[in-house]
6 protein chains.
Amino acid sequence: MKPIEHADATPDVQAVYDDIKRTRGVPDVNNFWKMAAHHPATLRRTWESLKEVMAPGTLDPMTKEMIFLAVSITNGCTYCIRSHEAAARKAGMTDAQHGELLAVVGMANETNRLANGYQVEVDAALLDR
Amino acid sequence: MKPIEHADATPDVQAVYDDIKRTRGVPDVNNFWKMAAHHPATLRRTWESLKEVMAPGTLDPMTKEMIFLAVSITNGCTYCIRSHEAAARKAGMTDAQHGELLAVVGMANETNRLANGYQVEVDAALLDR
Amino acid sequence: MKPIEHADATPDVQAVYDDIKRTRGVPDVNNFWKMAAHHPATLRRTWESLKEVMAPGTLDPMTKEMIFLAVSITNGCTYCIRSHEAAARKAGMTDAQHGELLAVVGMANETNRLANGYQVEVDAALLDR
Amino acid sequence: MKPIEHADATPDVQAVYDDIKRTRGVPDVNNFWKMAAHHPATLRRTWESLKEVMAPGTLDPMTKEMIFLAVSITNGCTYCIRSHEAAARKAGMTDAQHGELLAVVGMANETNRLANGYQVEVDAALLDR
Amino acid sequence: MKPIEHADATPDVQAVYDDIKRTRGVPDVNNFWKMAAHHPATLRRTWESLKEVMAPGTLDPMTKEMIFLAVSITNGCTYCIRSHEAAARKAGMTDAQHGELLAVVGMANETNRLANGYQVEVDAALLDR
Amino acid sequence: MKPIEHADATPDVQAVYDDIKRTRGVPDVNNFWKMAAHHPATLRRTWESLKEVMAPGTLDPMTKEMIFLAVSITNGCTYCIRSHEAAARKAGMTDAQHGELLAVVGMANETNRLANGYQVEVDAALLDR
């Protein structure tokens with residue numbers, strides 16, 4: 001399967017591409033969308049969801065992109081790491097913040113396994129919530 | 001294996017417990033530390049690392065706790081979800097921010113698999129970085 | 001470590017290769033088996049298990065390959081995604097079915113994390129089963 | 001956080017609950033939705049997506065539920081395993097099919113790691129696709 | 001689904017139970033086998049594979065059980081952590097060795113994500129192998 | 001981001017590189033450290049932790065490296081698989097031991113999912129511990 005370029009796309013796919021370009025202010029959509037376009041319903045639904053979820057809200061876009069990056073690193077998705085690190089930097093993430101993000105992601109993955117390995121019981125105070 | 005209480009701990013373990021309580025301003029350490037105390041070197045090393053990594057830096061404590069929570073949710077570690085959601089809320093996370101965090105974590109886990117499933121190639125522009 | 005070709009293999013490895021080729025009607029075994037051959041007991045055991053598990057039963061081969069692909073996408077195993085997508089297509093999976101499969105895999109990975117994040121309790125009706 | 005019951009929900013949340021009940025022909029929504037209701041935008045978006053993705057298409061509902069279950073088992077999400085096993089059975093999955101599904105999920109998780117461990121290269125024939 | 005006890009099992013299931021008890025020198029099989037018995041082919045195949053793989057070889061049983069435990073902790077499988085920690089201890093694992101095992105598992109999970117996050121290229125010397 | 005070579009590094013980074021080279025008896029550090037050097041605090045902390053955790057203790061270095069490799073295979077981290085397989089071999093792991101390790105990792109990943117899929121309850125005898 002190859003990425004579907006704008007010129008080769010059906011009108012409904014082109015409309016999604018155009019909305020992505022307009023919303024993000026970019027000249028072209030990236031390969032993720034050009035592959036999702038093989039199933040137009042997935043393209044449209046995923047874009048509509050992502051547009052809603054990643055829009056500024058009570059969390060700013062940089063924080064949202066850093067959370068996205070933390071998940072992608074944990075899952076080991078190379079494409080997602082590359083694209084969301086770029087998006088987080090575009091949204092303002094500095095080298096120092098990137099370094100701190102990775103340090104937190106590393107410690108979380110370590111302590112998650114220590115908690116599993118020691119079969120730690122949830123503290124009574126946390127269950128009271 | 002049972003949690004090791006302060007009264008039953010060796011002096012080196014008590015010293016770590018005391019530093020955790022002082023640093024966090026809490027009356028007691030939680031079960032994670034009382035279980036890690038079964039291997040005092042792990043207790044000390046993990047606490048020293050966590051104290052350093054989670055300290056305010058170029059990222060504020062609430063953002064760090066939200067990243068920690070995002071990883072814990074992705075890995076499905078119940079203990080870690082409970083304790084770091086509590087820590088993030090203590091650091092200021094509101095219900096609305098919690099809702100947005102979960103929405104981002106969900107979308108990241110979904111799109112990570114769409115990127116895997118479509119075997120999306122990294123965009124040339126991202127490799128140029 | 002390099003793949004072990006038929007000509008360089010011991011007779012017990014060749015016998016497994018021959019059974020794979022006969023069972024699947026293919027002219028050569030793929031790299032997975034040529035690497036597993038470095039530990040002949042693993043080669044034989046894995047092939048015997050896979051032959052039994054993937055044989056037509058109450059689920060047809062295409063459904064079994066799609067389930068295999070869904071797991072491989074979730075785990076992010078590139079080799080497995082490539083080979084089992086090919087196997088599912090050979091067993092009859094269409095482009096549209098592939099698109100629907102990926103959409104389901106994406107939503108399952110998303111909602112798994114929403115269930116984790118909200119720490120949803122199993123419904124009483126489900127525990128009664 | 002507690003599940004939000006219909007009587008305590010805002011009208012927009014009630015409208016989603018009502019659509020779930022109507023679409024699925026059930027007297028009440030399950031806990032997943034009652035927790036997602038803490039963030040009404042997530043409730044609505046997730047339901048709209050799931051309704052679209054799980055509707056009959058080129059794959060039948062039982063196959064879709066089995067794929068959902070395979071992912072949930074791989075991720076170890078207890079809530080999701082319980083609820084989607086129930087949904088798959090309601091859609092017609094027999095005990096024998098459940099047994100075959102689990103066997104495939106097990107073998108996929110095993111061979112994914114053998115492929116990782118042996119660092120198997122993608123076969124040339126698969127790259128040509 | 002409930003565990004299937006010996007008295008309620010078919011002769012082929014009883015035969016597997018009896019072989020597990022004889023091989024391990026235990027008075028009863030544990031719940032894992034009593035659940036797998038719902039699909040007798042899975043019960044038999046899984047037991048035959050596990051008996052072969054976990055037998056003493058070039059790695060001793062305690063080392064094999066510790067590797068099994070490391071994987072189970074990484075995947076967060078509570079049942080597997082409990083049962084394989086017990087098996088490792090029965091095979092000789094001390095408290096100190098358990099502590100060191102968990103420390104290694106924690107560090108591996110941390111550095112796996114640092115390698116992902118920094119997108120570290122495989123060293124030329126390692127590719128030469 | 002590019003690996004930071006010794007000649008381009010700050011004195012504190014050089015000091016860590018020198019300690020790694022001295023401790024391991026190697027002429028240069030590998031890419032993992034040259035990337036972690038982008039965040040010197042992470043470089044130093046991770047090295048200090050790894051040096052402590054991987055030192056000979058009640059488990060020998062080869063066993064520790066095999067456990068590290070088992071986790072890396074489970075997580076699908078290519079860099080980590082390559083570097084820790086090399087480290088385990090350098091510590092004495094034979095081809096036969098590597099084969100047995102992979103077989104155990106495979107079976108653990110399979111049975112972890114069978115335990116999830118069958119929702120196996122922890123045996124009373126294991127809870128009594």
# chains A, B, ... in the order shown; residues from 1 in each chain; ligands from 1
call {"tool": "closest_atom_pairs", "arguments": {"of": "chain E", "to": "chain F", "cutoff": "8 Å", "atoms": "only C-alpha atoms", "output": "JSON lines"}}
result
{"residue": "E:Met1", "atom": "CA", "partner": "F:Tyr118", "partner_atom": "CA", "distance": 8.0}
{"residue": "E:Asn30", "atom": "CA", "partner": "F:Asp123", "partner_atom": "CA", "distance": 6.5}
{"residue": "E:Asn31", "atom": "CA", "partner": "F:Asp123", "partner_atom": "CA", "distance": 6.1}
{"residue": "E:Phe32", "atom": "CA", "partner": "F:Val120", "partner_atom": "CA", "distance": 5.9}
{"residue": "E:Met35", "atom": "CA", "partner": "F:Tyr118", "partner_atom": "CA", "distance": 6.3}
{"residue": "E:Ala36", "atom": "CA", "partner": "F:Tyr118", "partner_atom": "CA", "distance": 7.2}
{"residue": "E:Ser49", "atom": "CA", "partner": "F:Met107", "partner_atom": "CA", "distance": 7.9}
{"residue": "E:Leu50", "atom": "CA", "partner": "F:Met107", "partner_atom": "CA", "distance": 7.0}
{"residue": "E:Val53", "atom": "CA", "partner": "F:Val104", "partner_atom": "CA", "distance": 6.3}
{"residue": "E:Met54", "atom": "CA", "partner": "F:Val104", "partner_atom": "CA", "distance": 7.1}
{"residue": "E:Gly57", "atom": "CA", "partner": "F:Glu100", "partner_atom": "CA", "distance": 7.8}
{"residue": "E:Thr58", "atom": "CA", "partner": "F:Gln97", "partner_atom": "CA", "distance": 5.6}
{"residue": "E:Leu59", "atom": "CA", "partner": "F:Gln97", "partner_atom": "CA", "distance": 6.2}
{"residue": "E:Thr63", "atom": "CA", "partner": "F:Thr63", "partner_atom": "CA", "distance": 7.2}
{"residue": "E:Lys64", "atom": "CA", "partner": "F:Val104", "partner_atom": "CA", "distance": 6.7}
{"residue": "E:Met66", "atom": "CA", "partner": "F:Ile67", "partner_atom": "CA", "distance": 7.6}
{"residue": "E:Ile67", "atom": "CA", "partner": "F:Ile67", "partner_atom": "CA", "distance": 5.6}
{"residue": "E:Phe68", "atom": "CA", "partner": "F:Ala108", "partner_atom": "CA", "distance": 5.5}
{"residue": "E:Ala70", "atom": "CA", "partner": "F:Val71", "partner_atom": "CA", "distance": 6.6}
{"residue": "E:Val71", "atom": "CA", "partner": "F:Val71", "partner_atom": "CA", "distance": 5.9}
{"residue": "E:Ser72", "atom": "CA", "partner": "F:Asn112", "partner_atom": "CA", "distance": 6.6}
{"residue": "E:Thr74", "atom": "CA", "partner": "F:Val71", "partner_atom": "CA", "distance": 6.6}
{"residue": "E:Asn75", "atom": "CA", "partner": "F:Asn112", "partner_atom": "CA", "distance": 7.7}
{"residue": "E:Cys77", "atom": "CA", "partner": "F:Asn112", "partner_atom": "CA", "distance": 6.1}
{"residue": "E:Tyr79", "atom": "CA", "partner": "F:Val122", "partner_atom": "CA", "distance": 5.5}
{"residue": "E:Cys80", "atom": "CA", "partner": "F:Asn112", "partner_atom": "CA", "distance": 6.2}
{"residue": "E:Arg82", "atom": "CA", "partner": "F:Leu126", "partner_atom": "CA", "distance": 6.6}
{"residue": "E:Ser83", "atom": "CA", "partner": "F:Leu126", "partner_atom": "CA", "distance": 6.8}
{"residue": "E:Ala86", "atom": "CA", "partner": "F:Leu126", "partner_atom": "CA", "distance": 7.3}
{"residue": "E:Ala96", "atom": "CA", "partner": "F:Thr58", "partner_atom": "CA", "distance": 6.6}
{"residue": "E:Gln97", "atom": "CA", "partner": "F:Thr58", "partner_atom": "CA", "distance": 5.6}
{"residue": "E:Glu100", "atom": "CA", "partner": "F:Leu59", "partner_atom": "CA", "distance": 7.1}
{"residue": "E:Leu101", "atom": "CA", "partner": "F:Lys64", "partner_atom": "CA", "distance": 7.4}
{"residue": "E:Ala103", "atom": "CA", "partner": "F:Val53", "partner_atom": "CA", "distance": 6.4}
{"residue": "E:Val104", "atom": "CA", "partner": "F:Val53", "partner_atom": "CA", "distance": 6.3}
{"residue": "E:Val105", "atom": "CA", "partner": "F:Phe68", "partner_atom": "CA", "distance": 6.5}
{"residue": "E:Met107", "atom": "CA", "partner": "F:Leu50", "partner_atom": "CA", "distance": 7.0}
{"residue": "E:Ala108", "atom": "CA", "partner": "F:Phe68", "partner_atom": "CA", "distance": 5.5}
{"residue": "E:Asn109", "atom": "CA", "partner": "F:Val71", "partner_atom": "CA", "distance": 7.0}
{"residue": "E:Asn112", "atom": "CA", "partner": "F:Cys77", "partner_atom": "CA", "distance": 6.1}
{"residue": "E:Leu114", "atom": "CA", "partner": "F:Ala36", "partner_atom": "CA", "distance": 7.6}
{"residue": "E:Ala115", "atom": "CA", "partner": "F:Phe32", "partner_atom": "CA", "distance": 6.5}
{"residue": "E:Asn116", "atom": "CA", "partner": "F:Cys77", "partner_atom": "CA", "distance": 7.2}
{"residue": "E:Tyr118", "atom": "CA", "partner": "F:Met35", "partner_atom": "CA", "distance": 6.2}
{"residue": "E:Val120", "atom": "CA", "partner": "F:Phe32", "partner_atom": "CA", "distance": 5.9}
{"residue": "E:Glu121", "atom": "CA", "partner": "F:Asn31", "partner_atom": "CA", "distance": 6.7}
{"residue": "E:Val122", "atom": "CA", "partner": "F:Tyr79", "partner_atom": "CA", "distance": 5.5}
{"residue": "E:Asp123", "atom": "CA", "partner": "F:Asn31", "partner_atom": "CA", "distance": 6.1}
{"residue": "E:Leu126", "atom": "CA", "partner": "F:Arg82", "partner_atom": "CA", "distance": 6.6}
call {"tool": "select_by_dssp", "arguments": {"residues": "chain A", "states": "alpha helix (DSSP H)", "output": "compact mmCIF listing (two decimals) with C-alpha atoms, in the first residue's frame"}}
result
# COMPACT_ATOMS: atom_id res chain seq x y z
CA PRO A 11 -13.32 14.38 -3.37
CA ASP A 12 -14.25 13.30 0.17
CA VAL A 13 -10.62 12.43 0.91
CA GLN A 14 -9.45 15.71 -0.64
CA ALA A 15 -11.89 17.58 1.58
CA VAL A 16 -10.31 16.04 4.70
CA TYR A 17 -6.80 16.78 3.41
CA ASP A 18 -7.83 20.39 2.78
CA ASP A 19 -9.28 20.75 6.27
CA ILE A 20 -6.07 19.36 7.82
CA LYS A 21 -3.94 21.77 5.80
CA ARG A 22 -6.17 24.73 6.69
CA THR A 23 -6.40 23.85 10.39
CA ARG A 24 -2.69 23.26 10.79
CA ASN A 31 2.00 10.17 5.41
CA PHE A 32 -0.23 9.09 8.27
CA TRP A 33 -3.24 10.71 6.61
CA LYS A 34 -2.22 9.56 3.12
CA MET A 35 -2.27 5.96 4.38
CA ALA A 36 -5.46 6.27 6.45
CA PRO A 40 -11.96 7.07 3.93
CA ALA A 41 -14.28 6.57 6.91
CA THR A 42 -11.23 6.03 9.15
CA LEU A 43 -9.52 9.10 7.68
CA ARG A 44 -12.50 11.34 8.35
CA ARG A 45 -13.37 9.96 11.79
CA THR A 46 -9.76 9.97 13.03
CA TRP A 47 -9.20 13.53 11.82
CA GLU A 48 -12.44 14.82 13.34
CA SER A 49 -11.54 13.17 16.66
CA LEU A 50 -7.95 14.36 16.65
CA LYS A 51 -8.95 17.92 15.71
CA GLU A 52 -11.36 18.01 18.65
CA VAL A 53 -9.05 16.33 21.18
CA MET A 54 -5.87 18.26 20.34
CA PRO A 61 -1.36 22.32 22.76
CA MET A 62 2.27 21.79 23.86
CA THR A 63 1.19 19.84 26.94
CA LYS A 64 -1.18 17.74 24.83
CA GLU A 65 1.57 16.97 22.32
CA MET A 66 3.96 16.01 25.12
CA ILE A 67 1.37 13.60 26.54
CA PHE A 68 0.90 12.16 23.05
CA LEU A 69 4.67 11.76 22.75
CA ALA A 70 4.92 10.06 26.17
CA VAL A 71 2.35 7.44 25.10
CA SER A 72 4.06 6.90 21.73
CA ILE A 73 7.46 6.37 23.39
CA THR A 74 5.92 3.90 25.84
CA ASN A 75 4.35 1.96 22.96
CA THR A 78 8.59 5.11 15.70
CA TYR A 79 6.37 7.03 13.30
CA CYS A 80 4.38 8.52 16.16
CA ILE A 81 7.49 9.44 18.15
CA ARG A 82 8.97 11.28 15.17
CA SER A 83 5.82 13.14 14.23
CA HIS A 84 4.66 14.08 17.72
CA GLU A 85 8.13 15.13 18.87
CA ALA A 86 8.13 17.47 15.85
CA ALA A 87 4.63 18.71 16.73
CA ALA A 88 5.57 19.30 20.37
CA ARG A 89 8.67 21.27 19.34
CA LYS A 90 6.58 23.31 16.91
CA ASP A 95 15.42 20.73 24.36
CA ALA A 96 15.42 20.95 28.15
CA GLN A 97 11.69 20.17 28.33
CA HIS A 98 12.17 17.25 25.93
CA GLY A 99 14.90 15.93 28.20
CA GLU A 100 12.70 16.21 31.28
CA LEU A 101 9.78 14.57 29.46
CA LEU A 102 11.92 11.56 28.55
CA ALA A 103 13.24 11.29 32.08
CA VAL A 104 9.66 11.18 33.45
CA VAL A 105 8.57 8.63 30.83
CA GLY A 106 11.55 6.44 31.74
CA MET A 107 10.89 6.59 35.49
CA ALA A 108 7.16 5.92 34.99
CA ASN A 109 7.91 2.80 32.97
CA GLU A 110 10.38 1.65 35.62
CA THR A 111 8.16 2.25 38.65
CA ASN A 112 5.11 0.77 36.89
CA ARG A 113 7.05 -2.53 36.82
CA LEU A 114 8.29 -2.20 40.39
CA ALA A 115 4.65 -1.74 41.45
CA ASN A 116 3.70 -4.83 39.41
CA GLY A 117 6.66 -6.86 40.64
CA ALA A 124 -6.41 2.91 51.77
CA ALA A 125 -6.21 6.70 51.45
CA LEU A 126 -6.37 6.42 47.65
CA LEU A 127 -9.37 4.08 47.70
call {"tool": "atom_distance", "arguments": {"atom1": "atom CA of His6 of chain C", "atom2": "atom CA of Gly92 of chain F"}}
result
29.3 Å
call {"tool": "decode", "arguments": {"residues": "segment 8-125 of chain D", "atoms": "C-alpha atoms", "output": "CSV table (one decimal), in the first residue's frame"}}
result
chain,number,residue,atom,x,y,z
D,8,ASP,CA,-28.1,12.6,37.8
D,9,ALA,CA,-26.8,13.4,34.2
D,10,THR,CA,-27.1,16.5,32.2
D,11,PRO,CA,-29.4,16.5,29.1
D,12,ASP,CA,-26.6,16.0,26.7
D,13,VAL,CA,-25.2,13.0,28.6
D,14,GLN,CA,-28.8,11.6,28.9
D,15,ALA,CA,-29.1,11.9,25.1
D,16,VAL,CA,-26.0,9.8,24.5
D,17,TYR,CA,-27.2,7.2,27.1
D,18,ASP,CA,-30.6,7.1,25.3
D,19,ASP,CA,-28.9,6.5,21.9
D,20,ILE,CA,-26.8,3.7,23.3
D,21,LYS,CA,-29.8,2.0,24.9
D,22,ARG,CA,-31.8,2.4,21.7
D,23,THR,CA,-29.0,1.2,19.4
D,24,ARG,CA,-28.1,-1.8,21.5
D,25,GLY,CA,-31.6,-2.6,22.7
D,26,VAL,CA,-30.5,-2.6,26.4
D,27,PRO,CA,-32.3,-1.3,29.5
D,28,ASP,CA,-29.3,0.6,30.8
D,29,VAL,CA,-25.8,1.6,29.7
D,30,ASN,CA,-22.8,-0.1,31.4
D,31,ASN,CA,-20.2,1.5,33.7
D,32,PHE,CA,-17.8,2.4,30.9
D,33,TRP,CA,-20.2,5.0,29.6
D,34,LYS,CA,-21.2,6.2,33.1
D,35,MET,CA,-17.5,6.9,33.8
D,36,ALA,CA,-16.8,8.5,30.5
D,37,ALA,CA,-19.7,10.8,31.2
D,38,HIS,CA,-17.4,12.7,33.6
D,39,HIS,CA,-16.1,14.3,30.3
D,40,PRO,CA,-19.2,14.7,28.1
D,41,ALA,CA,-17.2,15.4,25.0
D,42,THR,CA,-15.3,12.1,25.4
D,43,LEU,CA,-18.6,10.3,26.0
D,44,ARG,CA,-20.2,11.6,22.9
D,45,ARG,CA,-17.1,11.3,20.6
D,46,THR,CA,-16.3,7.8,21.8
D,47,TRP,CA,-19.8,6.6,21.4
D,48,GLU,CA,-20.2,8.1,17.9
D,49,SER,CA,-16.9,6.5,16.9
D,50,LEU,CA,-17.7,3.1,18.4
D,51,LYS,CA,-21.2,3.1,16.9
D,52,GLU,CA,-19.7,3.7,13.4
D,53,VAL,CA,-16.8,1.3,13.7
D,54,MET,CA,-18.7,-1.6,15.3
D,55,ALA,CA,-21.7,-1.4,12.9
D,56,PRO,CA,-22.1,-4.4,10.5
D,57,GLY,CA,-20.0,-3.7,7.4
D,58,THR,CA,-17.8,-6.0,5.4
D,59,LEU,CA,-17.0,-7.7,8.7
D,60,ASP,CA,-19.9,-9.0,10.8
D,61,PRO,CA,-20.5,-7.9,14.4
D,62,MET,CA,-19.2,-11.1,15.9
D,63,THR,CA,-15.9,-10.9,14.1
D,64,LYS,CA,-15.5,-7.3,15.1
D,65,GLU,CA,-16.2,-8.2,18.8
D,66,MET,CA,-13.7,-11.0,18.6
D,67,ILE,CA,-11.0,-8.7,17.2
D,68,PHE,CA,-11.8,-6.2,20.0
D,69,LEU,CA,-11.5,-9.0,22.5
D,70,ALA,CA,-8.1,-10.2,21.1
D,71,VAL,CA,-6.7,-6.6,21.5
D,72,SER,CA,-8.1,-6.3,25.1
D,73,ILE,CA,-6.6,-9.7,26.1
D,74,THR,CA,-3.2,-8.6,24.6
D,75,ASN,CA,-3.4,-5.4,26.6
D,76,GLY,CA,-4.6,-7.1,29.8
D,77,CYS,CA,-7.6,-4.8,30.2
D,78,THR,CA,-9.9,-6.7,32.6
D,79,TYR,CA,-12.9,-4.5,32.1
D,80,CYS,CA,-12.6,-4.7,28.3
D,81,ILE,CA,-12.1,-8.5,28.3
D,82,ARG,CA,-15.2,-9.0,30.4
D,83,SER,CA,-17.4,-6.7,28.4
D,84,HIS,CA,-16.3,-7.6,25.0
D,85,GLU,CA,-16.3,-11.4,25.7
D,86,ALA,CA,-19.9,-10.8,26.7
D,87,ALA,CA,-20.6,-8.8,23.6
D,88,ALA,CA,-19.0,-11.4,21.3
D,89,ARG,CA,-21.1,-14.2,22.9
D,90,LYS,CA,-24.2,-12.1,22.5
D,91,ALA,CA,-23.3,-11.8,18.8
D,92,GLY,CA,-23.0,-15.5,18.5
D,93,MET,CA,-19.5,-16.6,19.6
D,94,THR,CA,-19.6,-20.2,20.9
D,95,ASP,CA,-17.4,-21.8,23.6
D,96,ALA,CA,-15.4,-23.5,20.8
D,97,GLN,CA,-14.9,-20.3,18.9
D,98,HIS,CA,-13.8,-18.6,22.2
D,99,GLY,CA,-11.3,-21.4,22.7
D,100,GLU,CA,-9.9,-21.0,19.2
D,101,LEU,CA,-9.7,-17.2,19.6
D,102,LEU,CA,-7.7,-17.5,22.8
D,103,ALA,CA,-5.4,-20.1,21.2
D,104,VAL,CA,-4.7,-17.7,18.3
D,105,VAL,CA,-4.1,-14.7,20.6
D,106,GLY,CA,-1.7,-16.8,22.6
D,107,MET,CA,0.3,-18.0,19.6
D,108,ALA,CA,0.4,-14.4,18.1
D,109,ASN,CA,1.8,-13.0,21.3
D,110,GLU,CA,4.4,-15.8,21.4
D,111,THR,CA,5.5,-15.6,17.8
D,112,ASN,CA,5.6,-11.8,17.9
D,113,ARG,CA,8.4,-12.1,20.6
D,114,LEU,CA,10.2,-14.9,18.7
D,115,ALA,CA,10.3,-12.5,15.6
D,116,ASN,CA,11.6,-9.7,17.9
D,117,GLY,CA,14.1,-12.0,19.6
D,118,TYR,CA,15.5,-13.4,16.4
D,119,GLN,CA,15.4,-9.9,14.8
D,120,VAL,CA,13.8,-11.5,11.7
D,121,GLU,CA,14.1,-9.4,8.5
D,122,VAL,CA,11.0,-8.9,6.4
D,123,ASP,CA,11.0,-11.3,3.5
D,124,ALA,CA,11.8,-9.7,0.1
D,125,ALA,CA,8.5,-11.1,-1.2
